[in-house]
Amino acid sequence: MTDQAKKRSHIHLNLGTIVFLVIIIYLTAYVLSYLGKEKLAIYEVSESDISDTIQGTGIIVRDEKLVSTEQDGYVNYYIKDGSRIKANGIVYTIDTTGKIQSYLNELMQNKSTVNDTEKKQIFEELKTFSEGYSDDNFSEVYETKNEINHELMSYTDTIIADNKEKLEEKYGKGCYVEVESDLSGLVSFASDGLEELTEASVTKKRFENKSKMKDLRSTEKLSAGSPVYRIVTGQRWKLILSVNEEDYNRMNNLRSENKNTVQVTFQKDNFVTTVPYLCQKKTDGYYITLTFDNYVQRYLNQRFLSVELLLSETDGLKIPSSSLVTKKVYKIPQKYLTRGSNSSSSSQVNVMTTNKKGVKVLTQVPVTVYRTEDIYVLISTDGLKDGDIISNLDMTETYTLRQTKDIQGVFMVNRGYAVFKPVVILERNEDYCIVSAEESKLELYDRVILNSDTIKENQVIY
């Protein structure tokens with residue numbers, strides 16, 4: 001091989017290597033650029049709502065009285081816990097000799113199983129607890145335990161009534177003393193010692209040490225003066241919440257809007273109702289008082305209840321807050337919109353200019369109408385600039401483009417490129433917004449850019 005041929009072969013080898021290296025460098029740079037670039041994320045618009053709520057624990061104030069026995073003896077109840085009794089109705093009996101107590105113990109020993117009705121009541125208690133439980137109200141565990149104990153003990157409450165004839169036949173009519181109620185109302189066999197509590201006496205300190213309901217029923221002999229039952233005499237009761245200043249002001253704002261009732265959800269059993277409320281500022285803090293005319297029996301053996309107050313609930317289309325962008329638009333009188341030669345909608349403006357001969361001419365420029373505000377419309381700035389003069393067809397009226405406005409919207413990518421769509425925000429939190437389905441240009445299932453700061457309008461996405 002000649003020296004000339006060797007030279008040509010050597011040059012060809014170097015060019016191939018150079019081309020290969022260039023390709024490798026290009027691909028490496030592209031991959032690094034792609035990896036370092038923030039990826040686009042797309043979100044599908046859905047229907048949802050945002051609720052403005054206050055959560056807290058309230059203390060119950062009601063018309064109630066703790067009743068004590070007037071003589072020594074064994075107390076056996078004539079009615080079940082939670083029963084309603086009329087004035088002069090029999091609540092319990094006093095066994096001064098202990099003979100009746102022995103007889104009842106024999107009856108209970110023969111009752112070795114729990115019947116279906118009893119099982120159902122216990123199951124309902126457990127179901128209610130399970131549905132309303134959260135780590136924030138762990139104390140409900142102990143309340144539920146007490147309620148199940150109340151249920152189990154209530155099965156013995158009517159034994160005397162059911163076996164009255166047998167008892168009188170065996171021990172005589174004077175074997176026990178029947179004790180009547182002076183008042184009518186609901187009877188409870190549980191007490192926490194706060195029966196004298198009033199709305200005025202509620203303080204923040206009351207919420208620090210939550211008293212527990214104690215079962216008053218006992219198989220032991222009681223001394224005169226021992227509490228035996230609690231009677232609630234009225235249907236009206238109040239739940240008083242201790243709140244912070246911010247929540248107090250939020251509730252006060254509701255009243256300033258003439259909203260005198262609030263929706264309440266009880267976390268114990270997810271029961272929902274609407275009641276009137278009052279806001280009160282005391283020397284030791286802020287309070288919200290809810291007033292109920294019903295449901296006193298539902299929470300008869302509770303003193304503290306955790307609730308959620310619904311201040312407002314906004315329905316609409318849900319979008320991420322990170323998808324919001326701001327766009328500058330022109331605000332012009334609506335009358336300057338005109339139809340194009342091949343269009344049935346008013347989606348153009350006539351821009352007036354002066355040609356080289358000094359003659360004024362009109363040029364139609366297409367615009368996007370984003371929103372109507374009274375006699376004005378908000379239009380896109382594309383193809384227009386400050387100082388442009390728009391005119392009606394006969395040039396008798398003109399308007400100079402100067403007035404701009406910032407509007408919020410999102411980039412919709414249904415067709416593969418970013419199109420700005422304005423939205424009207426109803427409610428917003430750190431993560432999501434609820435926008436009006438009627439006033440926004442978005443529809444359900446539209447696809448929007450999640451991280452809107454990564455692209456520009458009209459950018460091709462795919």
# chains A, B, ... in the order shown; residues from 1 in each chain; ligands from 1
>>> select_by_dssp(residues="range 330-432 of chain A", states="strand (DSSP E)", output="count of residues only")
56
>>> atom_distance(atom1="CA of Gly58 in chain A", atom2="CA of Gln235 in chain A")
17.9 Å
>>> atom_distance(atom1="CA of Tyr462 in chain A", atom2="CA of Ile449 in chain A")
12.4 Å
>>> closest_atom_pairs(of="range 293-331 of chain A", to="range 456-459 of chain A", cutoff="12 Å", atoms="only C-alpha atoms", output="tab-separated table")
residue	atom	partner	partner_atom	distance
A:Val325	CA	A:Lys456	CA	10.0
A:Thr326	CA	A:Glu457	CA	11.1
A:Lys327	CA	A:Glu457	CA	9.7
>>> write_last_selection(atoms="N, CA, C and O atoms", output="CSV table (one decimal), in the first residue's frame")
chain,number,residue,atom,x,y,z
A,325,VAL,N,-52.3,30.0,37.6
A,325,VAL,CA,-51.4,31.0,37.0
A,325,VAL,C,-52.1,32.3,36.9
A,325,VAL,O,-53.4,32.4,37.0
A,326,THR,N,-51.4,33.4,36.7
A,326,THR,CA,-52.0,34.7,36.6
A,326,THR,C,-51.7,35.2,35.2
A,326,THR,O,-50.5,35.1,34.7
A,327,LYS,N,-52.7,35.8,34.5
A,327,LYS,CA,-52.5,36.3,33.2
A,327,LYS,C,-53.0,37.8,33.1
A,327,LYS,O,-54.1,38.1,33.7
>>> closest_residue(among="A:Ser102, A:Lys356, A:Gly285, A:Ala200", to="Glu246 in chain A", atoms="only C-alpha atoms")
A:Gly285
>>> closest_atom_pairs(of="range 307-374 of chain A", to="range 379-387 of chain A", cutoff="10 Å", atoms="only C-alpha atoms", output="CSV")
residue,atom,partner,partner_atom,distance
A:Lys327,CA,A:Ser380,CA,8.8
A:Lys328,CA,A:Thr381,CA,7.4
A:Val329,CA,A:Ser380,CA,5.2
A:Tyr330,CA,A:Ile379,CA,5.4
A:Lys331,CA,A:Ile379,CA,6.5
A:Ile332,CA,A:Ile379,CA,7.7
A:Gln334,CA,A:Ile379,CA,10.0
A:Leu337,CA,A:Ile379,CA,9.8
A:Ser347,CA,A:Ile379,CA,9.2
A:Gln348,CA,A:Ile379,CA,9.7
A:Val349,CA,A:Leu384,CA,9.9
A:Val351,CA,A:Leu384,CA,8.7
A:Val365,CA,A:Gly383,CA,7.0
A:Pro366,CA,A:Gly383,CA,8.0
A:Val367,CA,A:Ser380,CA,5.8
A:Thr368,CA,A:Ser380,CA,5.3
A:Val369,CA,A:Ile379,CA,4.6
A:Tyr370,CA,A:Ile379,CA,5.7
A:Arg371,CA,A:Ile379,CA,7.5
A:Thr372,CA,A:Ile379,CA,9.2
>>> write_last_selection(atoms="N, CA, C and O atoms", output="CSV table (one decimal), in the first residue's frame")
chain,number,residue,atom,x,y,z
A,327,LYS,N,-52.7,35.8,34.5
A,327,LYS,CA,-52.5,36.3,33.2
A,327,LYS,C,-53.0,37.8,33.1
A,327,LYS,O,-54.1,38.1,33.7
A,328,LYS,N,-52.3,38.6,32.4
A,328,LYS,CA,-52.7,40.0,32.2
A,328,LYS,C,-53.6,40.1,31.0
A,328,LYS,O,-53.3,39.6,29.9
A,329,VAL,N,-54.7,40.8,31.2
A,329,VAL,CA,-55.7,40.9,30.1
A,329,VAL,C,-56.1,42.4,30.0
A,329,VAL,O,-55.9,43.2,30.9
A,330,TYR,N,-56.7,42.7,28.8
A,330,TYR,CA,-57.3,44.0,28.6
A,330,TYR,C,-58.7,44.0,29.0
A,330,TYR,O,-59.5,43.1,28.8
A,331,LYS,N,-59.1,45.2,29.5
A,331,LYS,CA,-60.5,45.4,29.9
A,331,LYS,C,-61.1,46.5,29.0
A,331,LYS,O,-60.7,47.6,29.0
A,332,ILE,N,-62.1,46.1,28.1
A,332,ILE,CA,-62.6,47.0,27.1
A,332,ILE,C,-64.1,47.0,27.2
A,332,ILE,O,-64.7,46.0,27.7
A,334,GLN,N,-67.8,46.3,26.2
A,334,GLN,CA,-68.3,45.1,25.4
A,334,GLN,C,-68.8,45.5,24.0
A,334,GLN,O,-68.7,44.7,23.1
A,337,LEU,N,-66.7,44.7,20.7
A,337,LEU,CA,-66.5,43.4,20.1
A,337,LEU,C,-67.3,43.3,18.9
A,337,LEU,O,-68.4,43.9,18.8
A,347,SER,N,-66.1,37.8,18.5
A,347,SER,CA,-64.8,37.4,19.0
A,347,SER,C,-63.7,38.2,18.4
A,347,SER,O,-62.6,37.6,18.3
A,348,GLN,N,-63.9,39.4,17.9
A,348,GLN,CA,-62.9,40.2,17.2
A,348,GLN,C,-63.1,41.6,17.6
A,348,GLN,O,-64.1,42.1,18.0
A,349,VAL,N,-62.0,42.4,17.4
A,349,VAL,CA,-62.0,43.8,17.6
A,349,VAL,C,-61.5,44.5,16.3
A,349,VAL,O,-60.6,43.9,15.6
A,351,VAL,N,-59.1,47.2,15.0
A,351,VAL,CA,-57.9,48.0,15.4
A,351,VAL,C,-57.8,49.1,14.3
A,351,VAL,O,-57.6,48.8,13.1
A,365,VAL,N,-58.8,42.0,14.4
A,365,VAL,CA,-57.9,41.1,15.2
A,365,VAL,C,-58.7,40.2,16.1
A,365,VAL,O,-59.6,40.6,16.9
A,366,PRO,N,-58.5,38.9,15.9
A,366,PRO,CA,-59.3,37.9,16.8
A,366,PRO,C,-58.8,38.0,18.2
A,366,PRO,O,-57.6,38.2,18.5
A,367,VAL,N,-59.8,37.9,19.2
A,367,VAL,CA,-59.4,37.9,20.6
A,367,VAL,C,-60.2,36.8,21.3
A,367,VAL,O,-61.1,36.2,20.8
A,368,THR,N,-59.7,36.4,22.5
A,368,THR,CA,-60.4,35.5,23.3
A,368,THR,C,-61.1,36.2,24.4
A,368,THR,O,-60.4,37.0,25.2
A,369,VAL,N,-62.4,36.1,24.6
A,369,VAL,CA,-63.1,36.7,25.6
A,369,VAL,C,-63.1,35.8,26.8
A,369,VAL,O,-63.6,34.7,26.8
A,370,TYR,N,-62.5,36.3,27.9
A,370,TYR,CA,-62.4,35.5,29.1
A,370,TYR,C,-63.6,35.6,30.1
A,370,TYR,O,-64.0,34.7,30.7
A,371,ARG,N,-64.1,36.9,30.2
A,371,ARG,CA,-65.1,37.1,31.2
A,371,ARG,C,-65.8,38.4,30.9
A,371,ARG,O,-65.3,39.3,30.3
A,372,THR,N,-67.1,38.5,31.3
A,372,THR,CA,-67.9,39.7,31.2
A,372,THR,C,-68.1,40.3,32.6
A,372,THR,O,-68.4,39.6,33.5
>>> select_by_dssp(residues="range 170-327 of chain A", states="alpha helix (DSSP H)", output="ChimeraX atom specification")
/A:170-171,205-208,245-256
>>> atom_distance(atom1="CA of Leu393 in chain A", atom2="CA of Thr363 in chain A")
10.3 Å
>>> residues_around(residues="Lys318 in chain A", least_positions_apart="3", cutoff="6 Å", atoms="only C-alpha atoms", output="list in words")
Ser46, Glu47, Ser48, Cys433 and Ile434 of chain A
>>> residues_around(residues="Thr53 in chain A", least_positions_apart="4", cutoff="9 Å", atoms="only C-alpha atoms", output="short mmCIF file (atom, residue, chain, number, x, y, z; two decimals) with all heavy atoms, in the first residue's frame")
data_model
loop_
_atom_site.label_atom_id
_atom_site.label_comp_id
_atom_site.auth_asym_id
_atom_site.auth_seq_id
_atom_site.Cartn_x
_atom_site.Cartn_y
_atom_site.Cartn_z
N GLU A 308 -68.16 18.72 65.81
CA GLU A 308 -67.61 19.50 64.70
C GLU A 308 -68.69 20.46 64.23
O GLU A 308 -69.82 20.07 63.96
CB GLU A 308 -67.19 18.58 63.55
CG GLU A 308 -66.61 19.33 62.35
CD GLU A 308 -66.20 18.41 61.23
OE1 GLU A 308 -67.10 17.99 60.45
OE2 GLU A 308 -65.01 18.08 61.13
N LEU A 309 -68.33 21.74 64.15
CA LEU A 309 -69.26 22.78 63.70
C LEU A 309 -68.94 23.13 62.25
O LEU A 309 -67.79 23.43 61.92
CB LEU A 309 -69.14 24.04 64.57
CG LEU A 309 -69.21 23.83 66.08
CD1 LEU A 309 -69.14 25.17 66.79
CD2 LEU A 309 -70.47 23.09 66.47
N LEU A 310 -69.95 23.06 61.40
CA LEU A 310 -69.77 23.36 59.98
C LEU A 310 -70.14 24.82 59.73
O LEU A 310 -71.31 25.19 59.75
CB LEU A 310 -70.63 22.44 59.13
CG LEU A 310 -70.55 22.65 57.61
CD1 LEU A 310 -69.14 22.38 57.11
CD2 LEU A 310 -71.56 21.77 56.88
N LEU A 311 -69.11 25.67 59.48
CA LEU A 311 -69.36 27.08 59.25
C LEU A 311 -69.81 27.33 57.82
O LEU A 311 -70.68 28.15 57.57
CB LEU A 311 -68.10 27.89 59.56
CG LEU A 311 -67.83 28.23 61.01
CD1 LEU A 311 -67.61 26.99 61.86
CD2 LEU A 311 -66.62 29.15 61.14
N SER A 312 -69.19 26.64 56.87
CA SER A 312 -69.57 26.79 55.46
C SER A 312 -69.10 25.58 54.69
O SER A 312 -68.15 24.89 55.10
CB SER A 312 -68.98 28.07 54.86
OG SER A 312 -67.56 27.97 54.80
N GLU A 313 -69.74 25.33 53.57
CA GLU A 313 -69.36 24.23 52.69
C GLU A 313 -69.54 24.69 51.26
O GLU A 313 -70.63 25.12 50.88
CB GLU A 313 -70.20 22.98 52.97
CG GLU A 313 -69.73 21.75 52.22
CD GLU A 313 -70.47 20.51 52.67
OE1 GLU A 313 -71.68 20.62 52.96
OE2 GLU A 313 -69.85 19.43 52.72
#
>>> closest_residue(among="A:Gln408, A:Ser322, A:Gly56, A:Tyr399", to="Thr289 in chain A", atoms="only C-alpha atoms")
A:Gly56
